[in-house]
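**Q** I have a structure I would like to understand better, so I am pasting it below and will then ask my questions one at a time.
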Amino acid sequence: MAALHAEWIRIWRNPADTLATVAFNAVLMIGAWFLLPRNWLFEWTGPSGFALALAGWMYADVTATNVLAPDREKVLASLDDRAALRKILGAKAVALWMLIAPLCATIAIVVGFVERDWMFTAVVVVAVALCPFGPLAGSSLVGVFFPYHQRSLRWRWEQRARWRTVVVRWLILLVLPYGVFPALSVAVAVAPVALWRFVRQADAPTRIDTATFAPCVVLAVVISALMWVVARRIAVSRIQRHAPLAEYLRDYDRG
């Protein structure tokens, strides 16, 4: 709770970081949902798919990947404490979840009220609330293996002569999260989607029914939990055993 409280304070003291990023992604998703043909970017295009898509887009950004550099002092002070490192990483994932999951769950409930399919809505809420934890933990590995310091655009322009490390590397890591979280979400969903297609009759409607959707979500939650455990173990081991990572975190001018 102490680590979560500290992370929550950090988020609200610097709203231009996490809050602005999450809000920007939400606006992008809503615009794409209503202004573009939905099958261009979304798998589930019905009303119930809105909450799932919104959650995925809001999670997919640097707030889920660059988890070490923004709290480098705290990380450096905890290099020899595996429990403290686990708490830091866990608090970041849970804090981001607290910003996104309640909103998306509320939207799913509103859609369920309109659609009057409460059982299906309950399963969607479970999917929105529990499935993201594994992809969040997996996304954090990007920041563990490839962190970057949050420097102003003016500083990066002044340091443009170091274009490979200060500009190109930063731009790649800025864009990469938009693909990492969705890819990990797909990894969580592969087995459930395969299960749905296996049990679905060839002449059945494309809309998945509640009786089929529920076990698919349960399977996704189990896979997500396993991903959470494995990714966090990899992250902690990498942080403690990779000396260049600590050297990078100590040098704020590395960009």
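Within each chain, counting starts at residue 1; across the structure tokens, chains are named A, B, ... in the order shown, with ligands numbered 1 upward in that order.
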Pull the closest atom pair for each residue of segment 129-245 of chain A that gets at most 7 Å from segment 65-73 of chain A, along with the distance in Å to one decimal, counting only C-alpha atoms, ordering rows by chain and then ascending residue number, as a tab-separated table.
**A**
```
residue	atom	partner	partner_atom	distance
A:Ser139	CA	A:Thr65	CA	5.1
A:Ser140	CA	A:Thr65	CA	4.3
A:Leu141	CA	A:Thr65	CA	6.8
A:Val142	CA	A:Thr65	CA	5.4
A:Gly143	CA	A:Asn66	CA	4.2
A:Val144	CA	A:Leu68	CA	6.6
A:Pro147	CA	A:Asn66	CA	5.8
A:Tyr148	CA	A:Ala69	CA	6.0
A:His149	CA	A:Ala69	CA	5.4
A:Gln150	CA	A:Pro70	CA	6.9
A:Pro177	CA	A:Thr65	CA	6.5
```
**Q** Within 12 Å of segment 240-242 of chain A, counting only C-alpha atoms, which residues qualify if same-chain residues fewer than 5 places away don't, as an MDAnalysis selection string?
**A** chainID A and resid 75:86 144:146 233:235 247:249
**Q** Could you name the residues that touch segment 47-58 of chain A at 6 Å or less, counting only C-alpha atoms, but leaving out those on the same chain fewer than 2 positions away, as number ranges by chain?
**A** A: 22, 25-26, 44-45, 60, 104, 108
**Q** Using only C-alpha atoms, find each residue of segment 124-143 of chain A with at least one atom at most 9 Å away from an atom of segment 182-188 of chain A; report its shortest atom-to-atom pair and that distance in Å (one decimal), sort the rows by chain and rising residue number, and return the result as a tab-separated table.
**A**
```
residue	atom	partner	partner_atom	distance
A:Cys131	CA	A:Val188	CA	7.9
A:Pro132	CA	A:Ser185	CA	7.4
A:Gly134	CA	A:Val188	CA	7.9
A:Pro135	CA	A:Leu184	CA	5.1
A:Leu136	CA	A:Leu184	CA	8.5
A:Gly138	CA	A:Leu184	CA	7.1
A:Ser139	CA	A:Leu184	CA	7.7
```
**Q** Restricting the output to all heavy atoms, write the selected residues as a compact mmCIF listing (two decimals), in the first residue's frame.
**A**
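Produced file result.txt, reproduced below:
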```txt
# COMPACT_ATOMS: atom_id res chain seq x y z
N CYS A 131 -7.97 -9.14 -17.11
CA CYS A 131 -7.09 -9.56 -18.20
C CYS A 131 -5.89 -8.64 -18.44
O CYS A 131 -4.86 -9.11 -18.91
CB CYS A 131 -7.90 -9.72 -19.49
SG CYS A 131 -9.03 -11.14 -19.47
N PRO A 132 -5.97 -7.33 -18.17
CA PRO A 132 -4.81 -6.47 -18.49
C PRO A 132 -3.57 -6.68 -17.63
O PRO A 132 -2.49 -6.21 -18.01
CB PRO A 132 -5.37 -5.05 -18.27
CG PRO A 132 -6.84 -5.18 -18.40
CD PRO A 132 -7.16 -6.53 -17.84
N GLY A 134 -1.55 -9.19 -16.92
CA GLY A 134 -0.44 -9.89 -17.56
C GLY A 134 0.24 -9.05 -18.62
O GLY A 134 1.47 -8.89 -18.60
N PRO A 135 -0.52 -8.48 -19.58
CA PRO A 135 0.11 -7.59 -20.56
C PRO A 135 0.79 -6.38 -19.94
O PRO A 135 1.81 -5.91 -20.46
CB PRO A 135 -1.07 -7.17 -21.44
CG PRO A 135 -2.01 -8.33 -21.38
CD PRO A 135 -1.90 -8.83 -19.96
N LEU A 136 0.27 -5.85 -18.83
CA LEU A 136 0.93 -4.73 -18.16
C LEU A 136 2.30 -5.15 -17.63
O LEU A 136 3.29 -4.43 -17.79
CB LEU A 136 0.07 -4.21 -17.01
CG LEU A 136 -1.05 -3.24 -17.37
CD1 LEU A 136 -1.88 -2.90 -16.14
CD2 LEU A 136 -0.50 -1.98 -18.00
N GLY A 138 4.10 -7.65 -18.73
CA GLY A 138 4.95 -7.91 -19.88
C GLY A 138 5.44 -6.62 -20.52
O GLY A 138 6.60 -6.52 -20.94
N SER A 139 4.57 -5.61 -20.58
CA SER A 139 4.96 -4.32 -21.17
C SER A 139 6.06 -3.65 -20.38
O SER A 139 6.91 -2.95 -20.94
CB SER A 139 3.74 -3.40 -21.25
OG SER A 139 2.75 -3.93 -22.11
```
**Q** So how many Å separate atom CA of Trp228 of chain A and atom CA of Val94 of chain A, to one decimal?
**A**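 Here the two named atoms are 11.9 Å from each other.
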**Q** Between atom CA of Ile9 of chain A and atom CA of Arg232 of chain A, measure the distance and give it in Å to one decimal.
**A**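 So the answer is 22.9 Å.
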**Q** Between atom CA of Leu176 of chain A and atom CA of Thr63 of chain A, what distance in Å does the model show, to one decimal?
**A**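 Straight-line distance from atom CA of Leu176 of chain A to atom CA of Thr63 of chain A works out to 11.8 Å.
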**Q** Give the answer as one residue: which of A:Tyr178, A:Trp163, A:Phe34, A:Phe133 has the shortest atom-to-atom distance to Ala220 of chain A, using only C-alpha atoms?
**A** A:Phe133
**Q** Which polymer residues have any atom within 8 Å of an atom of segment 109-111 of chain A, counting only C-alpha atoms, with same-chain residues fewer than 4 positions away left out, as number ranges by chain?
**A** A: 47-48, 105, 115, 121-122, 125
**Q** Report as JSON, numbers by chain all protein, DNA and RNA residues lying within 9 Å of Trp170 of chain A, evaluated on only C-alpha atoms, omitting residues in the same chain fewer than 4 positions from it.
**A** {"A": [148, 149, 164, 165, 166, 174, 175, 255]}
